[in-house]
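Inspection log for the structure reproduced underneath, given as C-alpha coordinates.
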Amino acid sequence: MEKPPSVPDAKNNSRRQFLKTTGYTLGTLALGGALSSLIGCANNEGDTPAPTGEPGKVDNAAAEPKNYNRALMFLTQEQFRVVESATERIFPEDENGPGAKALGVAFFIDHQLAGDWGFNGRDYMQAPFYAGEKEQGYQGRLKRREIFEIGIKEMSNYSLTQYQKGFAELAPEEQDEVLKAFESDAVKLTTISASSFFKMLRTNTLEGAYSDPLYGGNLDMNGWRMRGYPGNQMSYSASIDKDYTKMDPISLQDHMAH
(Lines give C-alpha, C1' and ligand atoms only; values in the text may rest on other atoms or scores of the structure.)
Protein backbone atom coordinates (compact mmCIF):
# COMPACT_ATOMS: atom_id res chain seq x y z
CA MET A 1 0.00 0.00 0.00
CA GLU A 2 1.41 3.32 -1.00
CA LYS A 3 2.15 5.69 1.82
CA PRO A 4 0.30 8.98 1.85
CA PRO A 5 2.41 12.02 1.17
CA SER A 6 3.78 13.57 4.37
CA VAL A 7 2.18 16.77 5.60
CA PRO A 8 4.68 19.65 5.57
CA ASP A 9 5.67 20.86 9.01
CA ALA A 10 4.77 24.54 8.87
CA LYS A 11 6.79 25.33 11.97
CA ASN A 12 9.98 23.64 10.71
CA ASN A 13 9.57 25.14 7.23
CA SER A 14 9.14 28.56 8.77
CA ARG A 15 12.25 28.10 10.89
CA ARG A 16 14.32 26.85 7.93
CA GLN A 17 13.15 29.75 5.81
CA PHE A 18 14.09 32.20 8.58
CA LEU A 19 17.57 30.71 8.99
CA LYS A 20 18.06 30.65 5.25
CA THR A 21 17.01 34.27 4.84
CA THR A 22 19.02 35.34 7.89
CA GLY A 23 22.10 33.60 6.56
CA TYR A 24 21.84 35.50 3.30
CA THR A 25 21.33 38.73 5.16
CA LEU A 26 24.25 38.20 7.52
CA GLY A 27 26.45 37.16 4.65
CA THR A 28 25.50 40.25 2.72
CA LEU A 29 26.13 42.47 5.75
CA ALA A 30 29.51 40.85 6.42
CA LEU A 31 30.54 41.18 2.80
CA GLY A 32 29.19 44.68 2.58
CA GLY A 33 31.01 45.65 5.78
CA ALA A 34 34.28 44.26 4.51
CA LEU A 35 33.93 45.96 1.15
CA SER A 36 32.94 49.27 2.66
CA SER A 37 35.91 49.07 5.03
CA LEU A 38 38.28 48.44 2.15
CA ILE A 39 36.70 51.15 0.05
CA GLY A 40 36.86 53.56 2.96
CA CYS A 41 40.53 52.83 3.53
CA ALA A 42 41.26 53.35 -0.13
CA ASN A 43 39.39 56.62 -0.25
CA ASN A 44 40.99 57.95 2.94
CA GLU A 45 44.53 56.93 2.09
CA GLY A 46 46.74 59.97 2.11
CA ASP A 47 44.01 62.26 3.41
CA THR A 48 44.80 64.51 6.35
CA PRO A 49 42.08 64.51 9.03
CA ALA A 50 40.45 67.86 9.57
CA PRO A 51 41.41 69.62 12.82
CA THR A 52 38.73 69.53 15.50
CA GLY A 53 40.01 72.27 17.79
CA GLU A 54 40.43 76.00 17.38
CA PRO A 55 42.89 77.28 14.76
CA GLY A 56 46.42 77.38 16.07
CA LYS A 57 45.65 75.17 19.07
CA VAL A 58 46.48 71.52 19.59
CA ASP A 59 43.50 69.36 20.54
CA ASN A 60 44.71 67.21 23.44
CA ALA A 61 41.24 66.08 24.52
CA ALA A 62 41.71 62.63 22.99
CA ALA A 63 45.17 62.23 24.53
CA GLU A 64 44.05 63.02 28.08
CA PRO A 65 41.98 60.26 29.72
CA LYS A 66 38.79 61.30 31.47
CA ASN A 67 38.59 61.09 35.23
CA TYR A 68 35.64 58.74 35.60
CA ASN A 69 35.88 59.01 39.37
CA ARG A 70 34.25 62.45 39.03
CA ALA A 71 30.69 61.13 39.01
CA LEU A 72 27.88 61.03 41.54
CA MET A 73 27.11 57.78 43.34
CA PHE A 74 24.53 58.93 45.90
CA LEU A 75 23.72 62.64 45.85
CA THR A 76 21.43 64.21 43.27
CA GLN A 77 22.75 67.05 41.13
CA GLU A 78 20.96 69.63 43.29
CA GLN A 79 22.17 68.07 46.55
CA PHE A 80 25.70 68.00 45.15
CA ARG A 81 25.56 71.73 44.37
CA VAL A 82 24.56 72.49 47.96
CA VAL A 83 27.33 70.31 49.40
CA GLU A 84 29.92 71.73 47.00
CA SER A 85 28.94 75.30 47.88
CA ALA A 86 28.92 74.61 51.63
CA THR A 87 32.29 72.85 51.65
CA GLU A 88 33.85 75.69 49.64
CA ARG A 89 32.79 78.14 52.39
CA ILE A 90 34.19 75.84 55.08
CA PHE A 91 37.44 75.32 53.14
CA PRO A 92 37.68 78.30 50.74
CA GLU A 93 40.31 78.94 48.12
CA ASP A 94 42.83 81.57 49.18
CA GLU A 95 46.45 82.60 48.66
CA ASN A 96 47.61 79.35 50.25
CA GLY A 97 46.01 77.12 47.67
CA PRO A 98 42.82 75.64 46.23
CA GLY A 99 39.56 75.30 48.11
CA ALA A 100 37.20 72.38 48.60
CA LYS A 101 35.63 72.72 45.15
CA ALA A 102 38.93 72.53 43.28
CA LEU A 103 40.03 69.63 45.50
CA GLY A 104 36.89 67.63 44.71
CA VAL A 105 35.75 67.42 48.34
CA ALA A 106 32.07 67.13 47.39
CA PHE A 107 32.87 64.03 45.32
CA PHE A 108 34.67 62.55 48.33
CA ILE A 109 31.57 63.10 50.48
CA ASP A 110 29.27 61.68 47.83
CA HIS A 111 31.35 58.51 47.51
CA GLN A 112 31.55 58.09 51.27
CA LEU A 113 27.77 58.37 51.57
CA ALA A 114 27.35 55.70 48.90
CA GLY A 115 29.54 53.22 50.78
CA ASP A 116 29.76 51.58 54.20
CA TRP A 117 30.33 54.89 55.97
CA GLY A 118 27.04 56.28 54.65
CA PHE A 119 25.24 53.09 55.63
CA ASN A 120 26.88 52.99 59.11
CA GLY A 121 28.10 49.58 58.04
CA ARG A 122 30.49 49.18 60.99
CA ASP A 123 28.27 50.71 63.66
CA TYR A 124 25.81 49.06 66.00
CA MET A 125 22.45 50.42 64.85
CA GLN A 126 19.92 48.38 66.81
CA ALA A 127 17.41 49.61 69.40
CA PRO A 128 17.04 50.77 72.12
CA PHE A 129 18.24 54.30 71.33
CA TYR A 130 19.24 56.70 74.09
CA ALA A 131 20.74 60.16 74.08
CA GLY A 132 24.42 59.47 74.61
CA GLU A 133 27.07 61.55 76.27
CA LYS A 134 28.86 64.12 74.16
CA GLU A 135 32.03 62.03 73.95
CA GLN A 136 30.03 58.98 72.83
CA GLY A 137 29.06 60.54 69.53
CA TYR A 138 25.93 59.82 67.57
CA GLN A 139 23.50 57.37 69.18
CA GLY A 140 20.44 57.60 66.91
CA ARG A 141 18.68 55.37 64.42
CA LEU A 142 19.32 57.47 61.31
CA LYS A 143 22.13 56.49 58.97
CA ARG A 144 24.67 59.12 57.96
CA ARG A 145 23.32 59.27 54.42
CA GLU A 146 19.88 59.99 55.85
CA ILE A 147 21.29 62.71 58.10
CA PHE A 148 22.93 64.32 55.08
CA GLU A 149 19.73 64.20 53.06
CA ILE A 150 17.81 65.89 55.88
CA GLY A 151 20.58 68.41 56.55
CA ILE A 152 20.88 69.42 52.90
CA LYS A 153 17.11 69.84 52.60
CA GLU A 154 16.93 71.93 55.79
CA MET A 155 19.79 74.14 54.61
CA SER A 156 17.89 74.78 51.39
CA ASN A 157 14.65 75.46 53.28
CA TYR A 158 16.37 77.86 55.68
CA SER A 159 18.03 79.69 52.78
CA LEU A 160 14.70 80.09 51.01
CA THR A 161 13.09 81.39 54.20
CA GLN A 162 15.84 83.88 54.99
CA TYR A 163 16.93 85.00 51.52
CA GLN A 164 14.29 83.66 49.08
CA LYS A 165 17.03 81.77 47.23
CA GLY A 166 18.50 78.27 47.37
CA PHE A 167 21.76 77.82 49.29
CA ALA A 168 23.88 77.35 46.16
CA GLU A 169 22.53 80.65 44.74
CA LEU A 170 23.37 82.73 47.82
CA ALA A 171 26.26 85.17 48.00
CA PRO A 172 29.28 83.84 49.95
CA GLU A 173 28.50 86.08 52.94
CA GLU A 174 24.92 84.79 53.03
CA GLN A 175 26.11 81.19 52.83
CA ASP A 176 28.39 81.87 55.81
CA GLU A 177 25.42 83.15 57.81
CA VAL A 178 23.42 80.00 57.05
CA LEU A 179 26.32 77.77 58.09
CA LYS A 180 26.82 79.76 61.29
CA ALA A 181 23.13 79.37 62.11
CA PHE A 182 23.49 75.60 61.78
CA GLU A 183 26.74 75.53 63.74
CA SER A 184 25.20 77.41 66.68
CA ASP A 185 21.89 75.49 66.62
CA ALA A 186 20.05 78.71 65.83
CA VAL A 187 18.14 76.60 63.31
CA LYS A 188 15.72 74.40 65.24
CA LEU A 189 15.19 71.03 63.60
CA THR A 190 12.99 68.20 64.81
CA THR A 191 14.61 65.17 63.17
CA ILE A 192 18.34 65.96 63.56
CA SER A 193 20.58 68.40 65.40
CA ALA A 194 21.63 71.28 63.15
CA SER A 195 24.99 71.61 64.94
CA SER A 196 25.65 67.86 64.67
CA PHE A 197 25.04 67.99 60.93
CA PHE A 198 27.36 70.98 60.57
CA LYS A 199 30.06 69.22 62.58
CA MET A 200 29.77 66.14 60.38
CA LEU A 201 29.91 68.27 57.23
CA ARG A 202 32.97 70.15 58.48
CA THR A 203 34.77 66.93 59.45
CA ASN A 204 34.02 65.40 56.04
CA THR A 205 35.30 68.54 54.34
CA LEU A 206 38.67 68.28 56.04
CA GLU A 207 38.84 64.55 55.38
CA GLY A 208 38.12 65.12 51.69
CA ALA A 209 40.79 67.81 51.44
CA TYR A 210 43.53 65.72 53.05
CA SER A 211 42.71 62.04 52.36
CA ASP A 212 44.43 60.05 49.64
CA PRO A 213 43.11 60.96 46.16
CA LEU A 214 41.96 57.35 45.88
CA TYR A 215 38.82 58.34 47.81
CA GLY A 216 37.76 61.13 45.46
CA GLY A 217 39.11 64.28 47.15
CA ASN A 218 42.53 65.93 47.46
CA LEU A 219 42.71 66.24 43.68
CA ASP A 220 46.27 65.86 42.35
CA MET A 221 47.42 65.79 46.02
CA ASN A 222 47.14 69.59 46.15
CA GLY A 223 45.73 69.43 49.67
CA TRP A 224 48.91 67.69 50.81
CA ARG A 225 51.09 70.17 48.94
CA MET A 226 49.49 73.07 50.81
CA ARG A 227 50.42 71.44 54.12
CA GLY A 228 53.82 70.21 53.03
CA TYR A 229 52.65 66.69 53.77
CA PRO A 230 54.67 63.97 51.98
CA GLY A 231 51.75 61.58 51.55
CA ASN A 232 52.30 57.83 51.47
CA GLN A 233 56.07 57.55 51.27
CA MET A 234 57.46 54.02 51.19
CA SER A 235 60.55 54.95 53.20
CA TYR A 236 62.19 57.91 54.95
CA SER A 237 65.60 56.26 55.26
CA ALA A 238 67.22 58.72 52.83
CA SER A 239 66.19 61.77 54.87
CA ILE A 240 65.67 60.58 58.45
CA ASP A 241 69.09 61.79 59.61
CA LYS A 242 68.87 65.10 57.77
CA ASP A 243 67.24 68.41 58.54
CA TYR A 244 63.72 69.06 57.32
CA THR A 245 63.50 67.95 53.72
CA LYS A 246 60.68 69.02 51.44
CA MET A 247 59.30 66.07 49.49
CA ASP A 248 56.87 65.76 46.64
CA PRO A 249 53.83 63.89 47.96
CA ILE A 250 53.19 60.29 46.91
CA SER A 251 49.77 58.70 46.69
CA LEU A 252 48.75 55.05 46.94
CA GLN A 253 48.45 54.98 43.16
CA ASP A 254 52.13 55.90 42.80
CA HIS A 255 53.10 52.59 44.42
CA MET A 256 51.57 50.67 41.52
CA ALA A 257 54.79 51.20 39.55
CA HIS A 258 56.88 49.38 42.18
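Each chain of the C-alpha coordinates is named A, B, ... in the order shown, its residues numbered from 1; ligands are numbered from 1 in display order.
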#### Entry: Backbone DSSP call of alpha helix (DSSP H) for region 25-234 of chain A, listed as number ranges by chain
A: 25-44, 77-90, 100-103, 105-114, 144-163, 172-183, 194-210, 222-227
### Task
Would you list the contacts of region 239-248 of chain A as a list in words, taking every protein, DNA or RNA residue within 12 Å and counting only C-alpha atoms, but skipping same-chain residues closer than 2 positions in sequence?
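Listing them by chain and then by number gives Asp220, Met221, Asn222, Trp224, Arg225, Met226, Arg227, Gly228, Tyr229, Pro230, Gly231, Asn232, Gln233, Ser235, Tyr236, Ser237, Ile250, Ser251 and Asp254 of chain A.
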Let me see the file: selected residues, all heavy atoms, as a short mmCIF file (atom, residue, chain, number, x, y, z; two decimals), in the first residue's frame.
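Contents of the output file result.cif:
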data_model
loop_
_atom_site.label_atom_id
_atom_site.label_comp_id
_atom_site.auth_asym_id
_atom_site.auth_seq_id
_atom_site.Cartn_x
_atom_site.Cartn_y
_atom_site.Cartn_z
N ASP A 220 44.86 65.68 42.71
CA ASP A 220 46.27 65.86 42.35
C ASP A 220 47.15 66.10 43.58
O ASP A 220 48.23 66.68 43.48
CB ASP A 220 46.44 67.03 41.36
CG ASP A 220 45.80 66.72 40.02
OD1 ASP A 220 45.72 65.54 39.66
OD2 ASP A 220 45.38 67.67 39.34
N MET A 221 46.67 65.68 44.75
CA MET A 221 47.42 65.79 46.02
C MET A 221 47.72 67.24 46.38
O MET A 221 48.66 67.53 47.13
CB MET A 221 48.73 64.98 45.96
CG MET A 221 48.52 63.49 45.74
SD MET A 221 50.05 62.53 45.73
CE MET A 221 50.73 63.02 44.14
N ASN A 222 46.91 68.17 45.87
CA ASN A 222 47.14 69.59 46.15
C ASN A 222 46.84 69.96 47.59
O ASN A 222 47.38 70.94 48.11
CB ASN A 222 46.31 70.45 45.19
CG ASN A 222 46.87 70.42 43.78
OD1 ASN A 222 48.08 70.31 43.59
ND2 ASN A 222 46.00 70.51 42.79
N TRP A 224 47.66 68.05 50.13
CA TRP A 224 48.91 67.69 50.81
C TRP A 224 50.00 68.71 50.52
O TRP A 224 50.79 69.05 51.41
CB TRP A 224 49.37 66.30 50.33
CG TRP A 224 48.53 65.18 50.88
CD1 TRP A 224 47.59 65.25 51.87
CD2 TRP A 224 48.55 63.82 50.44
NE1 TRP A 224 47.03 64.03 52.09
CE2 TRP A 224 47.59 63.12 51.23
CE3 TRP A 224 49.26 63.12 49.47
CZ2 TRP A 224 47.35 61.76 51.08
CZ3 TRP A 224 49.01 61.75 49.31
CH2 TRP A 224 48.08 61.09 50.11
N ARG A 225 50.05 69.19 49.30
CA ARG A 225 51.09 70.17 48.94
C ARG A 225 50.93 71.46 49.74
O ARG A 225 51.93 72.07 50.13
CB ARG A 225 51.02 70.46 47.44
CG ARG A 225 51.51 69.33 46.57
CD ARG A 225 51.67 69.75 45.11
NE ARG A 225 52.28 68.67 44.32
CZ ARG A 225 51.59 67.72 43.70
NH1 ARG A 225 50.26 67.73 43.77
NH2 ARG A 225 52.21 66.78 43.03
N MET A 226 49.70 71.86 50.00
CA MET A 226 49.49 73.07 50.81
C MET A 226 50.06 72.90 52.21
O MET A 226 50.58 73.86 52.79
CB MET A 226 47.99 73.37 50.90
CG MET A 226 47.42 74.08 49.70
SD MET A 226 45.76 74.71 50.03
CE MET A 226 44.84 73.20 50.19
N ARG A 227 49.97 71.70 52.75
CA ARG A 227 50.42 71.44 54.12
C ARG A 227 51.87 70.97 54.18
O ARG A 227 52.41 70.79 55.28
CB ARG A 227 49.54 70.38 54.77
CG ARG A 227 48.05 70.69 54.75
CD ARG A 227 47.72 71.86 55.63
NE ARG A 227 48.00 71.58 57.03
CZ ARG A 227 47.78 72.42 58.04
NH1 ARG A 227 47.30 73.62 57.77
NH2 ARG A 227 48.06 72.09 59.28
N GLY A 228 52.47 70.75 53.04
CA GLY A 228 53.82 70.21 53.03
C GLY A 228 53.86 68.78 53.50
O GLY A 228 54.88 68.30 54.02
N TYR A 229 52.74 68.07 53.31
CA TYR A 229 52.65 66.69 53.77
C TYR A 229 53.17 65.75 52.69
O TYR A 229 52.79 65.88 51.52
CB TYR A 229 51.20 66.35 54.11
CG TYR A 229 50.97 64.94 54.58
CD1 TYR A 229 51.51 64.50 55.78
CD2 TYR A 229 50.22 64.04 53.82
CE1 TYR A 229 51.30 63.21 56.22
CE2 TYR A 229 50.00 62.75 54.26
CZ TYR A 229 50.55 62.33 55.45
OH TYR A 229 50.35 61.04 55.88
N PRO A 230 54.04 64.80 53.01
CA PRO A 230 54.67 63.97 51.98
C PRO A 230 53.79 62.85 51.45
O PRO A 230 54.19 62.14 50.53
CB PRO A 230 55.89 63.40 52.71
CG PRO A 230 55.48 63.35 54.14
CD PRO A 230 54.61 64.54 54.35
N GLY A 231 52.62 62.64 52.04
CA GLY A 231 51.75 61.58 51.55
C GLY A 231 52.18 60.21 52.01
O GLY A 231 52.68 60.04 53.14
N ASN A 232 52.04 59.24 51.13
CA ASN A 232 52.30 57.83 51.47
C ASN A 232 53.67 57.42 50.98
O ASN A 232 53.81 56.67 50.01
CB ASN A 232 51.20 56.96 50.86
CG ASN A 232 51.13 55.58 51.49
OD1 ASN A 232 52.07 54.81 51.39
ND2 ASN A 232 50.03 55.29 52.14
N GLN A 233 54.70 57.91 51.64
CA GLN A 233 56.07 57.55 51.27
C GLN A 233 56.36 56.10 51.69
O GLN A 233 55.91 55.63 52.73
CB GLN A 233 57.06 58.48 51.96
CG GLN A 233 56.89 59.95 51.64
CD GLN A 233 57.42 60.32 50.28
OE1 GLN A 233 58.30 59.65 49.73
NE2 GLN A 233 56.89 61.39 49.70
N SER A 235 59.43 54.97 52.26
CA SER A 235 60.55 54.95 53.20
C SER A 235 61.06 56.37 53.41
O SER A 235 60.99 57.20 52.51
CB SER A 235 61.68 54.06 52.67
OG SER A 235 62.82 54.15 53.49
N TYR A 236 61.57 56.62 54.63
CA TYR A 236 62.19 57.91 54.95
C TYR A 236 63.68 57.72 55.27
O TYR A 236 64.31 58.59 55.84
CB TYR A 236 61.50 58.55 56.15
CG TYR A 236 60.07 58.96 55.89
CD1 TYR A 236 59.02 58.10 56.17
CD2 TYR A 236 59.77 60.21 55.36
CE1 TYR A 236 57.70 58.46 55.93
CE2 TYR A 236 58.46 60.59 55.12
CZ TYR A 236 57.43 59.71 55.40
OH TYR A 236 56.13 60.08 55.16
N SER A 237 64.22 56.57 54.89
CA SER A 237 65.60 56.26 55.26
C SER A 237 66.60 57.24 54.66
O SER A 237 67.65 57.50 55.25
CB SER A 237 65.94 54.84 54.81
OG SER A 237 65.77 54.69 53.41
N ILE A 250 53.41 61.55 47.64
CA ILE A 250 53.19 60.29 46.91
C ILE A 250 51.86 59.71 47.35
O ILE A 250 51.57 59.64 48.55
CB ILE A 250 54.34 59.30 47.18
CG1 ILE A 250 55.66 59.82 46.58
CG2 ILE A 250 54.02 57.93 46.60
CD1 ILE A 250 56.84 58.92 46.86
N SER A 251 51.06 59.29 46.39
CA SER A 251 49.77 58.70 46.69
C SER A 251 49.87 57.17 46.64
O SER A 251 50.88 56.61 46.22
CB SER A 251 48.71 59.18 45.69
OG SER A 251 48.95 58.61 44.42
N ASP A 254 50.73 55.83 43.23
CA ASP A 254 52.13 55.90 42.80
C ASP A 254 52.89 54.61 43.11
O ASP A 254 53.91 54.33 42.47
CB ASP A 254 52.83 57.09 43.47
CG ASP A 254 52.27 58.41 43.00
OD1 ASP A 254 51.91 58.51 41.82
OD2 ASP A 254 52.17 59.35 43.82
#
#### Entry: Residue among A:Phe167, A:Phe148, A:Tyr138, A:Tyr124 lying closest to Leu179 (chain A), counting only C-alpha atoms
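Of A:Phe167, A:Phe148, A:Tyr138, A:Tyr124, the one nearest Leu179 (chain A) is A:Phe167, counting only C-alpha atoms.
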### Task
State, in Å with one decimal place, the distance from CA of Arg81 (chain A) to CA of Gly97 (chain A).
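Atom-to-atom, CA of Arg81 (chain A) to CA of Gly97 (chain A), that is 21.4 Å.
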### Task
Kindly give the distance, in Å, that separates CA of Ala168 (chain A) and CA of Glu149 (chain A), rounded to a single decimal.
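Rounded to one decimal, the two atoms are 15.4 Å apart.
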### Message
From the options A:Lys143, A:His255, A:Arg89, A:Arg202, which residue's atoms come nearest to Glu173 (chain A), counting only C-alpha atoms?
### Response
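Using only C-alpha atoms, the shortest distance to Glu173 (chain A) belongs to A:Arg89.
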### Task
Rank A:Thr191, A:Gln139, A:Thr87, A:Tyr158 by their smallest atom-to-atom distance to Glu177 (chain A), using only C-alpha atoms, and report the top residue only.
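Nearest to Glu177 (chain A): A:Tyr158.
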### Query
Between A:Glu207, A:Asp185, A:Glu169, A:Asp212, which one has atoms that come closest to Ala86 (chain A), using only C-alpha atoms?
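The closest residue to Ala86 (chain A) is A:Glu169.
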Residues within 9 Å of Gly99 (chain A), only C-alpha atoms, excluding chain neighbours under 5 positions, as a PDB file with N, CA, C and O atoms, in the first residue's frame:
ATOM      1  N   THR A  87      30.912  73.230  51.351  1.00  0.00           N
ATOM      2  CA  THR A  87      32.294  72.846  51.650  1.00  0.00           C
ATOM      3  C   THR A  87      33.289  73.911  51.192  1.00  0.00           C
ATOM      4  O   THR A  87      34.329  74.100  51.825  1.00  0.00           O
ATOM      5  N   GLU A  88      32.959  74.616  50.112  1.00  0.00           N
ATOM      6  CA  GLU A  88      33.848  75.688  49.643  1.00  0.00           C
ATOM      7  C   GLU A  88      33.899  76.835  50.641  1.00  0.00           C
ATOM      8  O   GLU A  88      34.932  77.485  50.798  1.00  0.00           O
ATOM      9  N   ARG A  89      32.789  77.095  51.357  1.00  0.00           N
ATOM     10  CA  ARG A  89      32.793  78.136  52.385  1.00  0.00           C
ATOM     11  C   ARG A  89      33.533  77.661  53.638  1.00  0.00           C
ATOM     12  O   ARG A  89      34.169  78.456  54.332  1.00  0.00           O
ATOM     13  N   ILE A  90      33.463  76.392  53.927  1.00  0.00           N
ATOM     14  CA  ILE A  90      34.189  75.841  55.079  1.00  0.00           C
ATOM     15  C   ILE A  90      35.688  75.785  54.791  1.00  0.00           C
ATOM     16  O   ILE A  90      36.516  76.061  55.665  1.00  0.00           O
ATOM     17  N   PHE A  91      36.036  75.449  53.546  1.00  0.00           N
ATOM     18  CA  PHE A  91      37.436  75.319  53.140  1.00  0.00           C
ATOM     19  C   PHE A  91      37.619  76.120  51.847  1.00  0.00           C
ATOM     20  O   PHE A  91      37.717  75.565  50.764  1.00  0.00           O
ATOM     21  N   PRO A  92      37.669  77.467  51.958  1.00  0.00           N
ATOM     22  CA  PRO A  92      37.682  78.303  50.744  1.00  0.00           C
ATOM     23  C   PRO A  92      39.068  78.386  50.096  1.00  0.00           C
ATOM     24  O   PRO A  92      40.095  78.187  50.742  1.00  0.00           O
ATOM     25  N   GLU A  93      39.057  78.680  48.833  1.00  0.00           N
ATOM     26  CA  GLU A  93      40.307  78.943  48.121  1.00  0.00           C
ATOM     27  C   GLU A  93      40.879  80.280  48.584  1.00  0.00           C
ATOM     28  O   GLU A  93      40.143  81.250  48.782  1.00  0.00           O
ATOM     29  N   ASP A  94      42.181  80.322  48.786  1.00  0.00           N
ATOM     30  CA  ASP A  94      42.835  81.565  49.177  1.00  0.00           C
ATOM     31  C   ASP A  94      44.255  81.581  48.637  1.00  0.00           C
ATOM     32  O   ASP A  94      44.603  80.772  47.760  1.00  0.00           O
ATOM     33  N   GLY A 104      37.846  68.719  44.914  1.00  0.00           N
ATOM     34  CA  GLY A 104      36.894  67.628  44.712  1.00  0.00           C
ATOM     35  C   GLY A 104      36.313  67.073  45.994  1.00  0.00           C
ATOM     36  O   GLY A 104      35.927  65.902  46.044  1.00  0.00           O
ATOM     37  N   VAL A 105      36.228  67.891  47.033  1.00  0.00           N
ATOM     38  CA  VAL A 105      35.753  67.419  48.339  1.00  0.00           C
ATOM     39  C   VAL A 105      34.316  66.906  48.266  1.00  0.00           C
ATOM     40  O   VAL A 105      33.964  65.905  48.905  1.00  0.00           O
ATOM     41  N   ALA A 209      39.676  66.963  51.892  1.00  0.00           N
ATOM     42  CA  ALA A 209      40.790  67.809  51.441  1.00  0.00           C
ATOM     43  C   ALA A 209      42.137  67.142  51.665  1.00  0.00           C
ATOM     44  O   ALA A 209      43.091  67.418  50.925  1.00  0.00           O
ATOM     45  N   GLY A 223      45.967  69.212  48.249  1.00  0.00           N
ATOM     46  CA  GLY A 223      45.735  69.427  49.670  1.00  0.00           C
ATOM     47  C   GLY A 223      46.980  69.117  50.476  1.00  0.00           C
ATOM     48  O   GLY A 223      47.338  69.849  51.410  1.00  0.00           O
TER      49      GLY A 223
END
### Spatial neighbours of Asp110 (chain A), max dist 8 Å, only C-alpha atoms, sep filter under 3 positions, as a PyMOL selection string
chain A and resi 72-75+80+106-107+113-114
For the selection just defined, write its residues with N, CA, C and O atoms to a file, as a PDB file, in the first residue's frame.
ATOM      1  N   LEU A  72      28.670  61.144  40.323  1.00  0.00           N
ATOM      2  CA  LEU A  72      27.880  61.031  41.541  1.00  0.00           C
ATOM      3  C   LEU A  72      27.408  59.597  41.742  1.00  0.00           C
ATOM      4  O   LEU A  72      26.916  58.943  40.819  1.00  0.00           O
ATOM      5  N   MET A  73      27.527  59.122  42.984  1.00  0.00           N
ATOM      6  CA  MET A  73      27.109  57.777  43.343  1.00  0.00           C
ATOM      7  C   MET A  73      25.911  57.774  44.285  1.00  0.00           C
ATOM      8  O   MET A  73      25.229  56.757  44.408  1.00  0.00           O
ATOM      9  N   PHE A  74      25.648  58.881  44.957  1.00  0.00           N
ATOM     10  CA  PHE A  74      24.530  58.935  45.899  1.00  0.00           C
ATOM     11  C   PHE A  74      23.729  60.228  45.779  1.00  0.00           C
ATOM     12  O   PHE A  74      22.515  60.210  45.631  1.00  0.00           O
ATOM     13  N   LEU A  75      24.399  61.352  45.862  1.00  0.00           N
ATOM     14  CA  LEU A  75      23.718  62.644  45.847  1.00  0.00           C
ATOM     15  C   LEU A  75      23.075  62.927  44.490  1.00  0.00           C
ATOM     16  O   LEU A  75      23.575  62.478  43.453  1.00  0.00           O
ATOM     17  N   PHE A  80      24.264  67.835  45.359  1.00  0.00           N
ATOM     18  CA  PHE A  80      25.697  68.001  45.152  1.00  0.00           C
ATOM     19  C   PHE A  80      26.081  69.475  45.108  1.00  0.00           C
ATOM     20  O   PHE A  80      27.100  69.876  45.679  1.00  0.00           O
ATOM     21  N   ALA A 106      33.465  67.558  47.488  1.00  0.00           N
ATOM     22  CA  ALA A 106      32.072  67.126  47.393  1.00  0.00           C
ATOM     23  C   ALA A 106      31.965  65.728  46.791  1.00  0.00           C
ATOM     24  O   ALA A 106      31.074  64.955  47.158  1.00  0.00           O
ATOM     25  N   PHE A 107      32.858  65.394  45.876  1.00  0.00           N
ATOM     26  CA  PHE A 107      32.873  64.031  45.325  1.00  0.00           C
ATOM     27  C   PHE A 107      33.293  63.032  46.399  1.00  0.00           C
ATOM     28  O   PHE A 107      32.763  61.918  46.468  1.00  0.00           O
ATOM     29  N   LEU A 113      29.181  58.607  51.271  1.00  0.00           N
ATOM     30  CA  LEU A 113      27.770  58.371  51.575  1.00  0.00           C
ATOM     31  C   LEU A 113      27.234  57.150  50.832  1.00  0.00           C
ATOM     32  O   LEU A 113      26.299  56.488  51.299  1.00  0.00           O
ATOM     33  N   ALA A 114      27.810  56.852  49.678  1.00  0.00           N
ATOM     34  CA  ALA A 114      27.355  55.703  48.896  1.00  0.00           C
ATOM     35  C   ALA A 114      27.899  54.384  49.417  1.00  0.00           C
ATOM     36  O   ALA A 114      27.385  53.322  49.052  1.00  0.00           O
TER      37      ALA A 114
END
### Task
Record the distance separating CA of Val82 (chain A) and CA of Ile150 (chain A), expressed in Å with one decimal.
12.3 Å
### Message
Taking only C-alpha atoms into account, name the residue in A:Leu160, A:Gly166, A:Ala238, A:Asp116 that is nearest to Ser85 (chain A).
### Response
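Of A:Leu160, A:Gly166, A:Ala238, A:Asp116, the one nearest Ser85 (chain A), counting only C-alpha atoms, is A:Gly166.
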